[in-house]
2 protein chains.
Amino acid sequence: MRQVKFALTKGFRDFYPEEMAGRTWLFDKMRASSRLFGYQEYEGPALESLALYAAKSGQELVQKQTFILKDRKGISLALRPEMTPTLARMVAQKQGELVKPLRWFTIGPRWRYEAPQKGRAREFYQWDVDLIGSSVPEADAEVIAVAVSFLASVGLTPKQVKIKINSRRFLEQKLKLISLSQNKINDVFKAIDKQEKMANQEWLAYLKEIGLTKLQIEDLQGILADKDFSRESEELTALFSTLKDLGVGDWVEFDPTITRGLDYYTGTVFEARDTAGEFRAILGGGRYDNLVEAVGGLPSDSAGIGFACGDVVLQALLKKSNLWPKAKPAPARVLVTIFDTSTYRHSLQLATQLRQKGIATEIYLETDKLDKQLKSADRQGIPLVVILGPEEIAQQTVTLKNLASGQQEKIAQTKLAAKLK
Amino acid sequence: MRQVKFALTKGFRDFYPEEMAGRTWLFDKMRASSRLFGYQEYEGPALESLALYAAKSGQELVQKQTFILKDRKGISLALRPEMTPTLARMVAQKQGELVKPLRWFTIGPRWRYEAPQKGRAREFYQWDVDLIGSSVPEADAEVIAVAVSFLASVGLTPKQVKIKINSRRFLEQKLKLISLSQNKINDVFKAIDKQEKMANQEWLAYLKEIGLTKLQIEDLQGILADKDFSRESEELTALFSTLKDLGVGDWVEFDPTITRGLDYYTGTVFEARDTAGEFRAILGGGRYDNLVEAVGGLPSDSAGIGFACGDVVLQALLKKSNLWPKAKPAPARVLVTIFDTSTYRHSLQLATQLRQKGIATEIYLETDKLDKQLKSADRQGIPLVVILGPEEIAQQTVTLKNLASGQQEKIAQTKLAAKLK
């Protein structure tokens, strides 16, 4: 074997047609669930000024994980590590022009400089769903229902996946009750987010390090173990009640340990996890009521709720659950064979006629033996073959062969397109 | 108006839902023409090692136009300025595994650091169509026919666009006849490619500068003015004859001044131009029989022909020709209104039932006056509104209003989904 001179960049992926077929299947499911709830597709640029992320996304993402380059004028640009800041910028830029609420979604690449490992890639695709301009809990519930609609559409069930929901506002109130000051609360949110990645002792030491007393640590553990909000949070009560009305009650549960890593969340936060606990979050999101204003938009446009769902974890879970389709790239419907050089142009003209009728038609390019041409169709999954020899040309017919059944019949060229439709 | 704090990066584009709808229309046309000829979709990474482009794409593209960044290990990565080197790398990497010929296409972003102006952007989308593993002229013709199929599908005609075709091999033979040495021929190809961007005097001076004698310059001008290849090139004769058999004879013409800018082309080269001469090339491509081998693939896999079509010039031409669709983002089929807080959950449940039947349904989120809710549906282009008040709830009916006709009728909730389908 020859030495391949150039390798795929580490943490990146090639999508050969077979993998692309799976990806297209997945993205189509995402689009279908978005549209079912009236969401419209948008897209933004891959590069944004680094400052846009520095404003709100949080230090870890910006300083450690973002691919940064300088343009020829020395301005730092970031390969977007996430989409929400772009969305906020786009909304802020058209302040007053867009009719609220906005229901938008997008599917596209994001880049993060992470250690490549199971469930992670440096280039991955994310589906982002956002509802901007409404702050009622029904908006939060709707966005979560879009996520559930998608999870169900790819064959997952509430036995395999749960959406764990919390409210930063609710948690904040609880943390204030144990005398944590406002400027310590964000640190505690982050600490809670990191808990599952740390050993228990390590985590307790970390809490001490950020300034919690022994009593506060005990109280915090009590808060995080309490799975019942019902006496205390009107907001969460309304949210869970609406989720039931939207038919997704089985998929959701309250979980006070969910805080999400990004700085801009203000209220509801949620993530979908596999119940077996094998994977990272399948999707995650929350309410970000200050973000649009923070990037220059109107305060009245600023209420926002949304989530992002990456393709890497999802694909791993679907493959493990035998739900990833054995999607084959859609082949042509028919292969037109070549008898010899003298009849080549007849085959070309026939293929052209079929294409003009909208029939996906491949032509064999060489004058190989018929057997080899049939084998090529079969290997590609093309179901039908048109054979056009001197006899057929003289009679203005073709021989149409069905590769699966092996049956073949002669039919008039004028009737071929109708037959193939 | 408040100051927007973060601007879109220069040379980049936002796709709000309206623009995205146009883009989706365009990409769907590209996909349809590709599939009509049996081509299958693939995708590669946005970042490749810079060395991959340095190998073959040509100095101008790599040194002046490529966005470069270093990863955290100091390796130079390029944001892909074009797709063909990625394609060649992917083919080289699976040497022996892929059944030839390959008919592949892809649509995705490319990045070039160019001065933003009409018809150019630093981030643009390109449709790439390639046929790898066949060197017969019928392969070249097929790829050109895919391009024509697409141009026709968006409403263009041979009066508006011509595909100008040349052969580097044919031109090379002609240049050898005027005693140009092999190592000067590439310089002359580039000079010919630049001719239209230069004043005539400037161009003549440039030819002198790269070492052409006065006689050679005169002879070269003669070669470039001769629109007839028919006595001399079997290859071009076969190509144009096949293009006629494929029904695209009206769209193509021989043009000895076409050489294309990239270094890796070896034979047929072509580009589509608007006949009015207003725009840059709409699409361009050619045969690259050494590229796969150059990146480490098997010589037997190396025959390749393809083209790339960018979205920016194309969109400008289609808009000028009144062919760009006034595509509106697909809205939901129906809006379910909210009567008041006491009936809210009935509306949610009804919307859920409709979605379960596959009907794209938006719910109004606030308890605004009905008029305002109807206006919102109308502004979004949602054609139907479901009104659900206490009376309807008691009767298990809904009032279905058609916004275009203004007509409304009461129907049973159980019959609503069937009615909306």
# chains A, B, ... in the order shown; residues from 1 in each chain; ligands from 1
call {"tool": "calpha_fit_rmsd", "arguments": {"fixed": "chain A", "moving": "chain B"}}
result
0.0 Å
call {"tool": "residues_around", "arguments": {"residues": "Pro329 of chain B", "least_positions_apart": "5", "cutoff": "10 Å", "atoms": "only C-alpha atoms", "output": "number ranges by chain"}}
result
A: 39-42; B: 16-22, 24, 380-381
call {"tool": "select_by_dssp", "arguments": {"residues": "segment 76-164 of chain B", "states": "strand (DSSP E or B)", "output": "PyMOL selection string"}}
result
chain B and resi 76-79+102-111+123-132+161-164
call {"tool": "write_last_selection", "arguments": {"atoms": "C-alpha atoms", "output": "PDB file, in the first residue's frame"}}
result
ATOM      1  CA  SER B  76      -0.535  25.337  10.325  1.00  0.00           C
ATOM      2  CA  LEU B  77      -4.112  24.637   9.386  1.00  0.00           C
ATOM      3  CA  ALA B  78      -6.029  26.211   6.547  1.00  0.00           C
ATOM      4  CA  LEU B  79      -9.718  26.981   6.381  1.00  0.00           C
ATOM      5  CA  LEU B 102     -16.848   7.740  -8.162  1.00  0.00           C
ATOM      6  CA  ARG B 103     -19.585  10.242  -8.836  1.00  0.00           C
ATOM      7  CA  TRP B 104     -19.575  12.573  -5.864  1.00  0.00           C
ATOM      8  CA  PHE B 105     -20.868  16.020  -4.994  1.00  0.00           C
ATOM      9  CA  THR B 106     -20.805  18.281  -1.961  1.00  0.00           C
ATOM     10  CA  ILE B 107     -22.181  21.670  -0.940  1.00  0.00           C
ATOM     11  CA  GLY B 108     -20.472  23.620   1.810  1.00  0.00           C
ATOM     12  CA  PRO B 109     -18.629  26.719   2.937  1.00  0.00           C
ATOM     13  CA  ARG B 110     -15.216  27.760   1.609  1.00  0.00           C
ATOM     14  CA  TRP B 111     -13.109  30.658   2.843  1.00  0.00           C
ATOM     15  CA  GLU B 123     -17.093  33.002   3.222  1.00  0.00           C
ATOM     16  CA  PHE B 124     -19.052  31.551   0.365  1.00  0.00           C
ATOM     17  CA  TYR B 125     -20.731  28.276  -0.446  1.00  0.00           C
ATOM     18  CA  GLN B 126     -19.657  26.043  -3.249  1.00  0.00           C
ATOM     19  CA  TRP B 127     -21.219  23.100  -4.990  1.00  0.00           C
ATOM     20  CA  ASP B 128     -18.507  20.677  -6.115  1.00  0.00           C
ATOM     21  CA  VAL B 129     -19.244  17.904  -8.594  1.00  0.00           C
ATOM     22  CA  ASP B 130     -16.567  15.339  -9.433  1.00  0.00           C
ATOM     23  CA  LEU B 131     -16.169  12.139 -11.380  1.00  0.00           C
ATOM     24  CA  ILE B 132     -13.064  10.184 -10.407  1.00  0.00           C
ATOM     25  CA  VAL B 161     -24.981  31.692 -19.967  1.00  0.00           C
ATOM     26  CA  LYS B 162     -22.400  29.840 -22.024  1.00  0.00           C
ATOM     27  CA  ILE B 163     -19.974  27.199 -20.895  1.00  0.00           C
ATOM     28  CA  LYS B 164     -16.628  27.952 -22.503  1.00  0.00           C
TER      29      LYS B 164
END
call {"tool": "residues_around", "arguments": {"residues": "Ile363 of chain B", "least_positions_apart": "5", "cutoff": "7 Å", "atoms": "only C-alpha atoms", "output": "list in words"}}
result
Leu335, Val336, Thr337 and Ala351 of chain B
call {"tool": "write_last_selection", "arguments": {"atoms": "C-alpha atoms", "output": "compact mmCIF listing (two decimals), in the first residue's frame"}}
result
# COMPACT_ATOMS: atom_id res chain seq x y z
CA LEU B 335 -51.80 28.75 14.41
CA VAL B 336 -53.66 27.64 17.52
CA THR B 337 -54.87 30.68 19.45
CA ALA B 351 -51.68 21.71 19.22
call {"tool": "closest_residue", "arguments": {"among": "A:Arg168, A:Glu391, A:Ala199, A:Gln373", "to": "chain B", "atoms": "only C-alpha atoms"}}
result
A:Gln373
call {"tool": "select_by_dssp", "arguments": {"residues": "segment 53-168 of chain A", "states": "alpha helix (DSSP H)", "output": "PyMOL selection string"}}
result
chain A and resi 53-56+59+65+84-93+137-153+168
call {"tool": "write_last_selection", "arguments": {"atoms": "N, CA and C atoms", "output": "mmCIF file, in the first residue's frame"}}
result
data_model
loop_
_atom_site.group_PDB
_atom_site.id
_atom_site.type_symbol
_atom_site.label_atom_id
_atom_site.label_comp_id
_atom_site.auth_asym_id
_atom_site.auth_seq_id
_atom_site.Cartn_x
_atom_site.Cartn_y
_atom_site.Cartn_z
ATOM 1 N N TYR A 53 -17.729 36.231 21.860
ATOM 2 C CA TYR A 53 -17.817 35.099 22.801
ATOM 3 C C TYR A 53 -17.303 35.505 24.178
ATOM 4 N N ALA A 54 -16.253 36.325 24.168
ATOM 5 C CA ALA A 54 -15.680 36.766 25.432
ATOM 6 C C ALA A 54 -16.748 37.452 26.268
ATOM 7 N N ALA A 55 -17.723 38.097 25.612
ATOM 8 C CA ALA A 55 -18.754 38.842 26.325
ATOM 9 C C ALA A 55 -19.564 37.956 27.257
ATOM 10 N N LYS A 56 -19.889 36.757 26.829
ATOM 11 C CA LYS A 56 -20.907 36.026 27.579
ATOM 12 C C LYS A 56 -20.749 34.515 27.670
ATOM 13 N N GLN A 59 -15.300 31.816 30.306
ATOM 14 C CA GLN A 59 -13.863 31.777 30.066
ATOM 15 C C GLN A 59 -13.368 30.445 29.538
ATOM 16 N N GLN A 65 -10.871 26.497 24.550
ATOM 17 C CA GLN A 65 -11.418 25.604 23.538
ATOM 18 C C GLN A 65 -11.642 26.246 22.175
ATOM 19 N N THR A 84 -25.241 30.380 19.886
ATOM 20 C CA THR A 84 -26.134 31.345 20.533
ATOM 21 C C THR A 84 -25.630 32.792 20.445
ATOM 22 N N PRO A 85 -24.333 33.066 20.629
ATOM 23 C CA PRO A 85 -23.889 34.456 20.488
ATOM 24 C C PRO A 85 -24.138 35.025 19.086
ATOM 25 N N THR A 86 -23.968 34.193 18.049
ATOM 26 C CA THR A 86 -24.273 34.640 16.680
ATOM 27 C C THR A 86 -25.758 34.980 16.558
ATOM 28 N N LEU A 87 -26.588 34.099 17.079
ATOM 29 C CA LEU A 87 -28.032 34.338 17.052
ATOM 30 C C LEU A 87 -28.368 35.656 17.742
ATOM 31 N N ALA A 88 -27.799 35.867 18.918
ATOM 32 C CA ALA A 88 -28.079 37.101 19.669
ATOM 33 C C ALA A 88 -27.620 38.324 18.866
ATOM 34 N N ARG A 89 -26.441 38.214 18.244
ATOM 35 C CA ARG A 89 -25.946 39.321 17.432
ATOM 36 C C ARG A 89 -26.884 39.609 16.259
ATOM 37 N N MET A 90 -27.331 38.544 15.599
ATOM 38 C CA MET A 90 -28.221 38.731 14.450
ATOM 39 C C MET A 90 -29.530 39.395 14.870
ATOM 40 N N VAL A 91 -30.061 38.976 16.007
ATOM 41 C CA VAL A 91 -31.308 39.570 16.503
ATOM 42 C C VAL A 91 -31.061 41.029 16.897
ATOM 43 N N ALA A 92 -29.938 41.266 17.585
ATOM 44 C CA ALA A 92 -29.625 42.633 18.018
ATOM 45 C C ALA A 92 -29.474 43.562 16.822
ATOM 46 N N GLN A 93 -28.897 43.026 15.734
ATOM 47 C CA GLN A 93 -28.639 43.867 14.561
ATOM 48 C C GLN A 93 -29.901 44.295 13.839
ATOM 49 N N PRO A 137 -43.414 30.618 30.851
ATOM 50 C CA PRO A 137 -42.893 29.245 30.993
ATOM 51 C C PRO A 137 -43.344 28.328 29.860
ATOM 52 N N GLU A 138 -44.465 28.685 29.203
ATOM 53 C CA GLU A 138 -44.916 27.878 28.069
ATOM 54 C C GLU A 138 -43.893 27.908 26.931
ATOM 55 N N ALA A 139 -43.125 28.992 26.837
ATOM 56 C CA ALA A 139 -42.072 29.061 25.817
ATOM 57 C C ALA A 139 -40.977 28.044 26.139
ATOM 58 N N ASP A 140 -40.587 27.996 27.402
ATOM 59 C CA ASP A 140 -39.571 27.023 27.827
ATOM 60 C C ASP A 140 -40.055 25.605 27.536
ATOM 61 N N ALA A 141 -41.318 25.350 27.866
ATOM 62 C CA ALA A 141 -41.875 24.004 27.667
ATOM 63 C C ALA A 141 -41.900 23.654 26.179
ATOM 64 N N GLU A 142 -42.241 24.623 25.344
ATOM 65 C CA GLU A 142 -42.320 24.357 23.909
ATOM 66 C C GLU A 142 -40.974 23.912 23.356
ATOM 67 N N VAL A 143 -39.931 24.640 23.740
ATOM 68 C CA VAL A 143 -38.598 24.317 23.233
ATOM 69 C C VAL A 143 -38.179 22.915 23.675
ATOM 70 N N ILE A 144 -38.505 22.570 24.911
ATOM 71 C CA ILE A 144 -38.192 21.221 25.399
ATOM 72 C C ILE A 144 -39.013 20.181 24.626
ATOM 73 N N ALA A 145 -40.249 20.536 24.283
ATOM 74 C CA ALA A 145 -41.093 19.608 23.515
ATOM 75 C C ALA A 145 -40.541 19.392 22.103
ATOM 76 N N VAL A 146 -39.926 20.411 21.523
ATOM 77 C CA VAL A 146 -39.278 20.237 20.208
ATOM 78 C C VAL A 146 -38.174 19.186 20.327
ATOM 79 N N ALA A 147 -37.396 19.303 21.406
ATOM 80 C CA ALA A 147 -36.307 18.344 21.623
ATOM 81 C C ALA A 147 -36.862 16.928 21.765
ATOM 82 N N VAL A 148 -37.935 16.789 22.542
ATOM 83 C CA VAL A 148 -38.520 15.457 22.746
ATOM 84 C C VAL A 148 -39.080 14.910 21.436
ATOM 85 N N SER A 149 -39.741 15.770 20.678
ATOM 86 C CA SER A 149 -40.295 15.346 19.394
ATOM 87 C C SER A 149 -39.203 14.738 18.522
ATOM 88 N N PHE A 150 -38.037 15.372 18.526
ATOM 89 C CA PHE A 150 -36.912 14.852 17.745
ATOM 90 C C PHE A 150 -36.404 13.524 18.306
ATOM 91 N N LEU A 151 -36.194 13.471 19.624
ATOM 92 C CA LEU A 151 -35.671 12.240 20.235
ATOM 93 C C LEU A 151 -36.590 11.064 19.932
ATOM 94 N N ALA A 152 -37.915 11.315 20.009
ATOM 95 C CA ALA A 152 -38.865 10.241 19.705
ATOM 96 C C ALA A 152 -38.796 9.876 18.221
ATOM 97 N N SER A 153 -38.576 10.874 17.371
ATOM 98 C CA SER A 153 -38.588 10.614 15.922
ATOM 99 C C SER A 153 -37.407 9.757 15.471
ATOM 100 N N ARG A 168 -32.090 28.030 37.221
ATOM 101 C CA ARG A 168 -31.018 28.756 37.913
ATOM 102 C C ARG A 168 -31.606 29.753 38.907
#
call {"tool": "closest_residue", "arguments": {"among": "B:Gly297, B:Pro158, B:Gly306, B:Pro256", "to": "Asp193 of chain B", "atoms": "only C-alpha atoms"}}
result
B:Pro256
call {"tool": "residues_around", "arguments": {"residues": "Ala121 of chain A", "least_positions_apart": "2", "cutoff": "9 Å", "atoms": "only C-alpha atoms", "output": "JSON list (two decimals) with N, CA and C atoms, in the first residue's frame"}}
result
[["chain", "number", "residue", "atom", "x", "y", "z"],
["A", 10, "LYS", "N", -6.59, 15.96, 13.02],
["A", 10, "LYS", "CA", -7.02, 15.24, 14.22],
["A", 10, "LYS", "C", -8.27, 15.87, 14.85],
["A", 11, "GLY", "N", -9.22, 15.04, 15.17],
["A", 11, "GLY", "CA", -10.46, 15.54, 15.78],
["A", 11, "GLY", "C", -11.50, 15.96, 14.75],
["A", 12, "PHE", "N", -11.15, 15.83, 13.47],
["A", 12, "PHE", "CA", -12.08, 16.18, 12.39],
["A", 12, "PHE", "C", -12.58, 14.89, 11.72],
["A", 13, "ARG", "N", -13.60, 15.04, 10.91],
["A", 13, "ARG", "CA", -14.19, 13.85, 10.28],
["A", 13, "ARG", "C", -14.40, 14.02, 8.78],
["A", 111, "TRP", "N", -16.73, 24.46, 16.22],
["A", 111, "TRP", "CA", -15.37, 23.98, 16.42],
["A", 111, "TRP", "C", -14.92, 24.23, 17.86],
["A", 112, "ARG", "N", -14.40, 23.20, 18.49],
["A", 112, "ARG", "CA", -13.84, 23.35, 19.83],
["A", 112, "ARG", "C", -12.56, 22.54, 19.94],
["A", 113, "TYR", "N", -11.54, 23.16, 20.52],
["A", 113, "TYR", "CA", -10.28, 22.48, 20.66],
["A", 113, "TYR", "C", -10.33, 21.60, 21.91],
["A", 114, "GLU", "N", -10.92, 20.42, 21.79],
["A", 114, "GLU", "CA", -11.03, 19.50, 22.91],
["A", 114, "GLU", "C", -10.17, 18.28, 22.62],
["A", 115, "ALA", "N", -9.80, 17.55, 23.65],
["A", 115, "ALA", "CA", -9.09, 16.29, 23.45],
["A", 115, "ALA", "C", -10.02, 15.33, 22.73],
["A", 116, "PRO", "N", -9.66, 14.87, 21.52],
["A", 116, "PRO", "CA", -10.56, 13.95, 20.82],
["A", 116, "PRO", "C", -10.73, 12.67, 21.62],
["A", 117, "GLN", "N", -11.94, 12.29, 21.88],
["A", 117, "GLN", "CA", -12.26, 11.04, 22.59],
["A", 117, "GLN", "C", -13.70, 10.70, 22.29],
["A", 118, "LYS", "N", -14.16, 9.57, 22.83],
["A", 118, "LYS", "CA", -15.53, 9.13, 22.55],
["A", 118, "LYS", "C", -16.53, 10.26, 22.85],
["A", 119, "GLY", "N", -17.37, 10.54, 21.90],
["A", 119, "GLY", "CA", -18.38, 11.57, 22.12],
["A", 119, "GLY", "C", -17.89, 12.99, 21.92],
["A", 123, "GLU", "N", -14.37, 19.22, 15.35],
["A", 123, "GLU", "CA", -15.41, 19.77, 14.47],
["A", 123, "GLU", "C", -16.63, 18.89, 14.63],
["A", 124, "PHE", "N", -17.72, 19.48, 15.05],
["A", 124, "PHE", "CA", -18.94, 18.70, 15.19],
["A", 124, "PHE", "C", -20.10, 19.54, 14.67],
["A", 312, "VAL", "N", -22.30, 14.21, 17.68],
["A", 312, "VAL", "CA", -21.34, 13.15, 17.99],
["A", 312, "VAL", "C", -21.85, 12.22, 19.09]]
call {"tool": "closest_residue", "arguments": {"among": "B:Pro390, B:Gly74, B:Gly358, B:Gly284", "to": "chain A", "atoms": "only C-alpha atoms"}}
result
B:Gly358
call {"tool": "atom_distance", "arguments": {"atom1": "atom CA of Gln216 of chain A", "atom2": "atom CA of Phe170 of chain A"}}
result
17.1 Å
call {"tool": "closest_residue", "arguments": {"among": "B:Thr367, B:Gln160, B:Gln63, B:Ser233", "to": "Leu317 of chain B", "atoms": "only C-alpha atoms"}}
result
B:Gln160
call {"tool": "closest_residue", "arguments": {"among": "B:Leu177, B:Leu156, B:Ile165, B:Val136", "to": "chain A", "atoms": "only C-alpha atoms"}}
result
B:Val136
call {"tool": "residues_around", "arguments": {"residues": "Gln221 of chain A", "least_positions_apart": "4", "cutoff": "12 Å", "atoms": "only C-alpha atoms", "output": "PyMOL selection string"}}
result
chain A and resi 174-175+178+188+192+195+200+203-204+207+212+214-217+225-227+256-257
call {"tool": "write_last_selection", "arguments": {"atoms": "C-alpha atoms", "output": "PDB file, in the first residue's frame"}}
result
ATOM      1  CA  LYS A 174     -32.047  28.337  47.580  1.00  0.00           C
ATOM      2  CA  LEU A 175     -28.357  29.279  47.607  1.00  0.00           C
ATOM      3  CA  ILE A 178     -27.672  29.387  52.866  1.00  0.00           C
ATOM      4  CA  VAL A 188     -21.206  27.480  42.765  1.00  0.00           C
ATOM      5  CA  ILE A 192     -22.241  21.958  40.416  1.00  0.00           C
ATOM      6  CA  GLN A 195     -19.410  17.688  39.951  1.00  0.00           C
ATOM      7  CA  ASN A 200     -16.357  13.361  45.544  1.00  0.00           C
ATOM      8  CA  TRP A 203     -15.278  18.195  44.547  1.00  0.00           C
ATOM      9  CA  LEU A 204     -15.661  18.917  48.268  1.00  0.00           C
ATOM     10  CA  LEU A 207     -16.105  23.910  47.114  1.00  0.00           C
ATOM     11  CA  LEU A 212     -17.853  27.715  51.092  1.00  0.00           C
ATOM     12  CA  LYS A 214     -18.440  23.422  56.041  1.00  0.00           C
ATOM     13  CA  LEU A 215     -22.048  24.208  56.898  1.00  0.00           C
ATOM     14  CA  GLN A 216     -22.712  25.719  53.486  1.00  0.00           C
ATOM     15  CA  ILE A 217     -21.286  22.608  51.832  1.00  0.00           C
ATOM     16  CA  ALA A 225     -30.411  15.891  46.875  1.00  0.00           C
ATOM     17  CA  ASP A 226     -33.920  17.362  47.112  1.00  0.00           C
ATOM     18  CA  LYS A 227     -35.847  16.282  44.002  1.00  0.00           C
ATOM     19  CA  PRO A 256     -31.351  20.378  40.992  1.00  0.00           C
ATOM     20  CA  THR A 257     -27.813  19.380  39.946  1.00  0.00           C
TER      21      THR A 257
END
